[in-house]
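Report on the structure given below.
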Amino acid sequence: MPAVIHTEKAFEEALEHHLSTNGGYSVLPADGYDPATALFPAEVLQFLQTTQPQAWKKTENAHGSQAASKLLQRLQKELELRGPLDVLRNGITDFGVKYHLAYFQPETNLNPDTERLYGLNRLGITRQLYYSQQNKKSLDLVLSLNGIPLVTMELKNHLTGQTVNHAKHQYKNDRDPQELLFQFRRRALVHFAVDPDEVYMTTRLAGTKTRFLPFNKGNGNGAGNPVNPQGYRTAYLWEDVLSKDTFLDIVGRFLHVQTEKVKTLEGKILEKHSLIFPRYHQLDAVRRLARHAHRQGAGHNYLIQHSAGSGKSNSIAWLAYRLSCLHNADAQRVFDSVIVITDRRVLDQQLQDTIYQFEHKQGVVQKIEKDSTQLAAALQAGTNIIITTLQKFPFVVEKVAGLPMRKYAVIVDEAHSSQSGEGVTKMKQVLTGRTLEQAAADEADTANVDDTAEDNIRRVMESRGKQANLSFFAFTATPKPKTLQVFGQPTADGKHKPFHLYCMRQAIEEGFILDVLRNYTTYDTYYRVSKAIDDDPELNKKKATGAIARFVSLHPHNLAQKTEVMVEHFRQVVRHKIGGKAKAMVVTSSRLHAVRYKQEFDRYIKQKGYTDMKTLVAFSGKVVDDHGLEYTEPKMNSGIGEKALPEAFATDDYQVLLVADKYQTGFDQPLLHTMYVDKKLSGVKAVQTLSRLNRTSPGKEDTFVLDFANDLETILDSFQPYYEVTYLKESPDPNLLYDLKARLEQQNVIYTEEVNALALVYFKSASSLTPTDQGKLNGFLDPAVQRYGYIVDEEVKDDFKHTLTSFTRLYAYLSQVMPFTDAELEKLFAYGRLLLTKLPASRDRDTFVLNDEVALEYYRLQKIGTTNLEPEKDQTAELDPTSEAGLRRAKEEKERLSAIIHVLNERFGTEFDDADKLLFDQIEKDLVSNALLSKQAQSNTIENFKFGFDDMYRQFLLERRDQNEGIFNRLFADKDFGGMVQEWMLKRVYDTLRKAPV
């Protein structure tokens with residue numbers, strides 16, 4: 001009998017019905033699954049016996065009645081050693097007998113036998129599969145290939161009050177990664193979290209650290225999926241992606257293991273393995289390009305506009321392999337060779353490693369490392385895939401034109417500018433005896449010349465005309481108008497568009513890159529906001545704002561004043577970001593400017609005695625100043641060579657990189673958080689330059705741009721063709737924060753005592769965190785979630801959430817411009833930001849969530865570094881370096897006693913007043929004056945010191961029982977209450993004793 005139409009069961013039935021009637025799957029009962037082997041043993045044997053009867057006969061002769069069990073044991077061992085991907089592609093051998101575990105669709109229909117064997121693959125769908133021998137937990141859906149489970153799925157239905165986020169939570173918290181079915185690269189290759197609107201997937205379960213990626217089509221150039229008039233928005237998953245032909249294509253020609261070498265803090269090189277499943281836009285792009293080339297043959301141009309964060313390297317590898325195997329309807333190869341043009345060494349090795357996993361043989365890919373003769377030989381020989389550099393592109397086109405009977409596909413990696421120092425144009429002339437203004441003008445002129453790789457490629461193609469034997473596949477995030485005109489697809493209204501689009505907006509909304517315009521600030525805005533803060537007595541700020549006032553009153557080209565603004569902003573705001581690892585880039589208008597800025601930065605840092613900030617400079621060639629002094633990049637960087645600079649900048653030794661026409665394209669440094677722009681930018685160059693900030697990294701929540709040289713309109717106009725949506729703002733009024741705070745308080749959802757209690761846990765130092773603190777945070781947030789749920793009027797709910805979102809965004813922005821010392825705002829920001837992750841969402845986002853311990857730890861650390869939660873009243877606070885470790889100055893500590901009394905009263909309903917401080921004061925004095933504790937504090941960590949402290953604390957407390965019996969009884973009767981006081985006293989005593997002279 002059909003399930004009730006709105007239930008999760010009905011959703012399962014819809015998937016099962018389609019896959020079993022139209023998708024090429026058979027329904028397998030759950031009792032056919034063996035949890036001990038994580039296989040469907042009967043399916044495995046049925047496939048092997050049906051497709052390879054002669055091999056099975058040999059196995060029976062070798063093992064007799066134990067043939068089935070022995071073969072299954074051999075399969076288990078091979079799966080353990082090599083993983084299902086390799087086993088399915090390359091089979092296993094048992095006692096000299098070779099078995100295939102799957103047959104993939106042949107490129108041509110010339111061999112009827114391969115077509116027949118492909119048809120004999122057994123795809124199975126199983127519902128409510130009990131996967132464990134230890135418990136009775138089940139999975140909603142499992143898909144298997146020839147008895148080997150490859151896909152697990154958790155389905156949720158909005159009509160039952162659950163969404164895709166509940167499915168992700170289930171995988172993270174209720175699916176043990178050690179279960180054989182879930183072990184990485186041992187059985188299931190991909191796990192899908194699905195609801196009627198959205199799909200997310202992961203290839204590796206790792207508890208709460210599991211990272212799910214969106215597997216959505218995109219909706220109006222944004223995240224999500226478009227409305228499907230025929231049914232579920234996510235129907236494409238089972239109607240297309242998981243259908244037999246597509247799914248086997250993914251297993252055979254897309255899925256691959258990616259190995260990355262990672263250097264540990266100790267200097268050891270470790271290998272990190274990832275299983276790569278294509279994101280939807282990657283799969284769609286490769287398949288659409290291949291279909292068009294299959295039908296139309298060679299002689300066409302394709303522009304693939306994929307944003308940063310789209311995974312272009314993998315897309316290029318998959319496309320190269322697909323085109324190299326492509327045959328037309330007459331079973332002839334569409335392309336004799338595929339030529340990949342790139343200057344990225346990483347892509348070279350990645351391409352070879354990836355394609356080797358598909359072909360499992362050497363020689364498919366040849367890298368041209370020598371000269372044009374080597375390249376000509378590879379083209380003549382018809383090598384399947386050839387990798388060469390941008391510099392050899394003109395020769396490639398010339399050579400291909402001379403081989404009219406051969407057909408070629410040329411894939412060009414994103415157009416990297418010559419600004420990298422190794423581009424396609426000659427070195428700029430040395431500047432001699434030029435002023436800064438003249439130097440900027442000279443280099444602006446040369447920068448405007450069409451000298452990017454994209455331009456040179458286009459010119460070479462145009463000079464030769466369209467080649468009937470050459471198809472051109474160009475990957476770029478920011479195509480120029482001329483590139484679109486030449487290589488884009490013509491539209492009905494005479495314009496041109498990319499063949500395939502994955503735009504910046506979708507990449508941002510899906511969380512693959514950050515929005516660099518969210519906190520984009522011109523210098524005028526920066527000054528106006530800072531001045532507003534300065535004039536507002538409620539918003540005390542750091543005293544270094546004086547640098548801004550001085551800068552405004554001086555000549556705008558005074559590098560010294562700009563340097564002071566940048567250095568002080570970096571030290572006060574930026575360096576605490578990303579867990580204290582954030583970096584910044586200064587974009588200068590000429591190489592001479594870069595030299596002068598490097599000198600000024602180093603002079604100012606030395607003058608101030610700062611030891612937590614070092615700089616590097618990047619520019620091409622030699623610069624000779626008006627005194628005849630010669631400068632080069634290595635000399636100014638203490639001998640660090642050009643090729644070694646990116647690696648040096650990635651270390652903790654350097655924080656700021658000053659550049660002149662270098663590292664503004666193709667430079668990926670995820671820790672780059674802030675950019676200071678002192679150069680005129682517009683168009684593609686503005687987008688490429690600012691996009692250096694958009695790479696994601698654990699703990700990186702936002703970016704910041706301080707622009708001295710450009711206006712908002714120019715930047716917005718530059719981004720609009722690639723971006724779709726922007727968050728650029730005019731100068732906000734800092735007092736709006738208080739207006740928003742007042743609106744929130746009117747809703748009676750957020751209680752001050754819960755905000756304060758959360759802050760005490762949230763802003764604890766790393767050394768004092770306990771395993772229960774995560775749960776406490778949820779405990780402080782859940783009552784507000786419950787009160788929010790009691791609101792009946794949906795408009796009121798929406799207004800509250802919108803107001804809270806506006807408050808957190810505005811505070812995050814203003815704290816970048818000039819950090820506040822208003823503790824109430826900071827605590828509400830921390831509370832509100834976490835509360836938003838727990839409120840029911842109209843659109844579910846895989847954003848920062850409370851159980852993401854890594855993100856939470858980074859965020860907590862950076863807020864400790866930038867904010868003093870309990871400042872002295874009517875005083876200007878200075879940033880104390882010890883605050884990064886959670887320590888405070890003695891003067892601040894004195895106020896914590898009243899604070900703890902206040903929190904106890906608010907949280908536990910007590911009515912202690914300031915007179916009750918006396919008991920705590922006396923106990924603290926007794927503990928501090930104890931010689932044994934003093935000795936233990938000097939020679940132990942706080943964790944070890946705690947053992948002796950606990951006994952002594954209880955002893956002194958008992959001795960003073962008669963002084964305040966009310967507090968005494970509460971301390972011993974209420975474990976939470978007593979524990980908070982004891983933990984607070986432990987830190988006070990330990991800190992005091994450690995600071996005392998020995």
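Convention: chains lettered A, B, ... in structure tokens order; per-chain residue numbering from 1; ligands numbered from 1 as shown.
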
Legend entry - region 592-661 of chain A: residues DSSP assigns to helix (DSSP H, G or I), reported as an MDAnalysis selection string: chainID A and resid 592:608 633:636 645:650

Legend entry - Residue neighbourhood Asn778 (chain A), 12 Å, only C-alpha atoms, exclusion window fewer than 6 positions, as a list of chain:residue names: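 Non-adjacent residues within range: A:Glu754, A:Val755, A:Ala757, A:Leu758, A:Val761, A:Tyr762, A:Thr772, A:Ala784, A:Val785, A:Gln786, A:Tyr831, A:Leu834, A:Leu835, A:Thr837, A:Lys838, A:Val849, A:Leu850, A:Asn851.
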
Pull C-alpha atoms from the residues just selected and write them as a PDB file, in the first residue's frame.
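Result file follows (part07.pdb):
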ATOM      1  CA  GLU A 754      21.963  33.972  28.816  1.00  0.00           C
ATOM      2  CA  VAL A 755      24.103  36.236  26.640  1.00  0.00           C
ATOM      3  CA  ALA A 757      26.569  33.257  30.598  1.00  0.00           C
ATOM      4  CA  LEU A 758      27.443  32.185  27.043  1.00  0.00           C
ATOM      5  CA  VAL A 761      32.234  30.072  28.301  1.00  0.00           C
ATOM      6  CA  TYR A 762      32.713  31.311  24.738  1.00  0.00           C
ATOM      7  CA  THR A 772      31.460  20.045  28.405  1.00  0.00           C
ATOM      8  CA  ALA A 784      16.064  31.489  22.863  1.00  0.00           C
ATOM      9  CA  VAL A 785      15.339  29.044  20.027  1.00  0.00           C
ATOM     10  CA  GLN A 786      12.343  27.807  22.003  1.00  0.00           C
ATOM     11  CA  TYR A 831      25.538  35.160  20.938  1.00  0.00           C
ATOM     12  CA  LEU A 834      25.566  31.408  17.023  1.00  0.00           C
ATOM     13  CA  LEU A 835      21.822  31.768  17.564  1.00  0.00           C
ATOM     14  CA  THR A 837      22.788  28.945  13.102  1.00  0.00           C
ATOM     15  CA  LYS A 838      20.152  27.299  15.295  1.00  0.00           C
ATOM     16  CA  VAL A 849      27.352  25.563  12.589  1.00  0.00           C
ATOM     17  CA  LEU A 850      27.783  25.214  16.306  1.00  0.00           C
ATOM     18  CA  ASN A 851      28.985  21.627  16.222  1.00  0.00           C
TER      19      ASN A 851
END

Inset, instruction - Can you check which residues of region 180-300 of chain A DSSP gives as strand (DSSP E or B) on the backbone and send them as a PyMOL selection string? - result: chain A and resi 190-194+199-202+206+208+213-214+219+222+256-263+269-276

Legend entry - Selection: 10 Å around region 738-744 of chain A, only C-alpha atoms, excl. self and same-chain fewer than 4 positions, as a PyMOL selection string: chain A and resi 538+734+748-750+799-801+803-808+810+824-825+828-829

Given the selection you just returned, output its residues as a file containing N, CA and C atoms, formatted as a short mmCIF file (atom, residue, chain, number, x, y, z; two decimals), in the first residue's frame.
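Contents of the output file out36.cif:
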data_model
loop_
_atom_site.label_atom_id
_atom_site.label_comp_id
_atom_site.auth_asym_id
_atom_site.auth_seq_id
_atom_site.Cartn_x
_atom_site.Cartn_y
_atom_site.Cartn_z
N GLU A 538 29.71 56.36 23.26
CA GLU A 538 29.41 54.98 23.62
C GLU A 538 30.33 54.00 22.90
N PRO A 734 27.34 54.04 12.82
CA PRO A 734 27.62 53.11 13.92
C PRO A 734 26.50 53.06 14.95
N ASN A 748 11.78 40.03 23.12
CA ASN A 748 11.79 39.15 24.28
C ASN A 748 12.22 37.72 23.93
N VAL A 749 13.13 37.60 22.94
CA VAL A 749 13.68 36.28 22.59
C VAL A 749 15.05 36.09 23.23
N ILE A 750 15.86 37.12 23.21
CA ILE A 750 17.23 37.04 23.75
C ILE A 750 17.24 37.64 25.14
N ASP A 799 10.96 39.32 10.96
CA ASP A 799 11.54 40.61 11.34
C ASP A 799 12.65 40.42 12.37
N PHE A 800 12.42 39.53 13.33
CA PHE A 800 13.44 39.28 14.35
C PHE A 800 14.71 38.72 13.71
N LYS A 801 14.53 37.74 12.85
CA LYS A 801 15.70 37.12 12.23
C LYS A 801 16.44 38.10 11.33
N THR A 803 16.49 41.35 11.66
CA THR A 803 17.15 42.33 12.52
C THR A 803 18.43 41.75 13.12
N LEU A 804 18.37 40.50 13.57
CA LEU A 804 19.55 39.87 14.14
C LEU A 804 20.64 39.70 13.08
N THR A 805 20.25 39.31 11.88
CA THR A 805 21.21 39.19 10.78
C THR A 805 21.85 40.54 10.46
N SER A 806 21.03 41.59 10.42
CA SER A 806 21.56 42.92 10.14
C SER A 806 22.54 43.36 11.22
N PHE A 807 22.20 43.07 12.47
CA PHE A 807 23.09 43.45 13.57
C PHE A 807 24.44 42.75 13.44
N THR A 808 24.43 41.44 13.22
CA THR A 808 25.69 40.69 13.17
C THR A 808 26.53 41.12 11.97
N LEU A 810 26.44 44.11 10.41
CA LEU A 810 26.93 45.46 10.61
C LEU A 810 28.05 45.49 11.64
N GLU A 824 29.09 44.85 25.73
CA GLU A 824 27.73 44.37 25.52
C GLU A 824 27.47 44.07 24.05
N LEU A 825 27.97 44.94 23.17
CA LEU A 825 27.80 44.69 21.75
C LEU A 825 28.56 43.43 21.32
N LEU A 828 26.72 40.34 22.52
CA LEU A 828 25.51 40.11 21.74
C LEU A 828 25.85 39.62 20.34
N PHE A 829 26.94 40.12 19.76
CA PHE A 829 27.37 39.66 18.43
C PHE A 829 27.72 38.17 18.47
#

Legend entry - Residues within 10 Å of region 307-314 of chain A, only C-alpha atoms, excluding chain neighbours under 4 positions, as a PyMOL selection string: chain A and resi 254+256+258+276-279+281-282+318-320+344+346-348+350-351+354+413-414+475-478+501-508+510-514+666+668+688+691-692+694-696+722-723

Legend entry - Test item: residues at most 6 Å from region 380-392 of chain A, only C-alpha atoms, excluding those fewer than 3 positions along its chain, as a PyMOL selection string: chain A and resi 324+336-343+364-368+377+395

Requested write-out: N, CA and C atoms of the selected residues, as a PDB file, in the first residue's frame:
ATOM      1  N   SER A 324      39.833  12.694 -25.204  1.00  0.00           N
ATOM      2  CA  SER A 324      40.846  11.799 -25.786  1.00  0.00           C
ATOM      3  C   SER A 324      40.257  10.444 -26.151  1.00  0.00           C
ATOM      4  N   ASP A 336      42.471  13.406 -32.605  1.00  0.00           N
ATOM      5  CA  ASP A 336      43.658  12.549 -32.581  1.00  0.00           C
ATOM      6  C   ASP A 336      44.495  12.793 -31.324  1.00  0.00           C
ATOM      7  N   SER A 337      44.503  14.041 -30.834  1.00  0.00           N
ATOM      8  CA  SER A 337      45.229  14.372 -29.610  1.00  0.00           C
ATOM      9  C   SER A 337      44.485  15.487 -28.889  1.00  0.00           C
ATOM     10  N   VAL A 338      44.673  15.500 -27.576  1.00  0.00           N
ATOM     11  CA  VAL A 338      44.160  16.599 -26.748  1.00  0.00           C
ATOM     12  C   VAL A 338      45.367  17.329 -26.177  1.00  0.00           C
ATOM     13  N   ILE A 339      45.425  18.636 -26.380  1.00  0.00           N
ATOM     14  CA  ILE A 339      46.563  19.443 -25.918  1.00  0.00           C
ATOM     15  C   ILE A 339      46.090  20.345 -24.787  1.00  0.00           C
ATOM     16  N   VAL A 340      46.700  20.220 -23.626  1.00  0.00           N
ATOM     17  CA  VAL A 340      46.336  21.042 -22.476  1.00  0.00           C
ATOM     18  C   VAL A 340      47.403  22.124 -22.315  1.00  0.00           C
ATOM     19  N   ILE A 341      46.977  23.377 -22.382  1.00  0.00           N
ATOM     20  CA  ILE A 341      47.892  24.517 -22.265  1.00  0.00           C
ATOM     21  C   ILE A 341      47.796  25.071 -20.844  1.00  0.00           C
ATOM     22  N   THR A 342      48.873  25.008 -20.102  1.00  0.00           N
ATOM     23  CA  THR A 342      48.857  25.502 -18.723  1.00  0.00           C
ATOM     24  C   THR A 342      50.263  25.853 -18.271  1.00  0.00           C
ATOM     25  N   ASP A 343      50.352  26.768 -17.323  1.00  0.00           N
ATOM     26  CA  ASP A 343      51.632  27.079 -16.698  1.00  0.00           C
ATOM     27  C   ASP A 343      51.665  26.619 -15.253  1.00  0.00           C
ATOM     28  N   VAL A 364      49.807   7.622 -21.611  1.00  0.00           N
ATOM     29  CA  VAL A 364      48.594   8.291 -22.090  1.00  0.00           C
ATOM     30  C   VAL A 364      48.797   9.801 -22.104  1.00  0.00           C
ATOM     31  N   VAL A 365      49.522  10.293 -21.092  1.00  0.00           N
ATOM     32  CA  VAL A 365      49.786  11.726 -20.950  1.00  0.00           C
ATOM     33  C   VAL A 365      51.276  11.982 -21.140  1.00  0.00           C
ATOM     34  N   GLN A 366      51.621  12.945 -21.972  1.00  0.00           N
ATOM     35  CA  GLN A 366      53.030  13.328 -22.147  1.00  0.00           C
ATOM     36  C   GLN A 366      53.196  14.814 -21.868  1.00  0.00           C
ATOM     37  N   LYS A 367      54.104  15.127 -20.971  1.00  0.00           N
ATOM     38  CA  LYS A 367      54.401  16.519 -20.658  1.00  0.00           C
ATOM     39  C   LYS A 367      55.580  16.981 -21.516  1.00  0.00           C
ATOM     40  N   ILE A 368      55.421  18.120 -22.184  1.00  0.00           N
ATOM     41  CA  ILE A 368      56.483  18.669 -23.025  1.00  0.00           C
ATOM     42  C   ILE A 368      57.376  19.539 -22.148  1.00  0.00           C
ATOM     43  N   ALA A 377      56.970  16.220 -32.288  1.00  0.00           N
ATOM     44  CA  ALA A 377      56.969  14.763 -32.352  1.00  0.00           C
ATOM     45  C   ALA A 377      55.724  14.186 -31.683  1.00  0.00           C
ATOM     46  N   PHE A 395      53.181  28.046 -31.426  1.00  0.00           N
ATOM     47  CA  PHE A 395      53.748  26.930 -32.191  1.00  0.00           C
ATOM     48  C   PHE A 395      52.717  25.820 -32.350  1.00  0.00           C
TER      49      PHE A 395
END

Legend entry - Selection: 10 Å around region 627-635 of chain A, only C-alpha atoms, excl. self and same-chain fewer than 5 positions, as a PyMOL selection string: chain A and resi 430+432-433+591-592+594-595+616-622+640-642+644-645
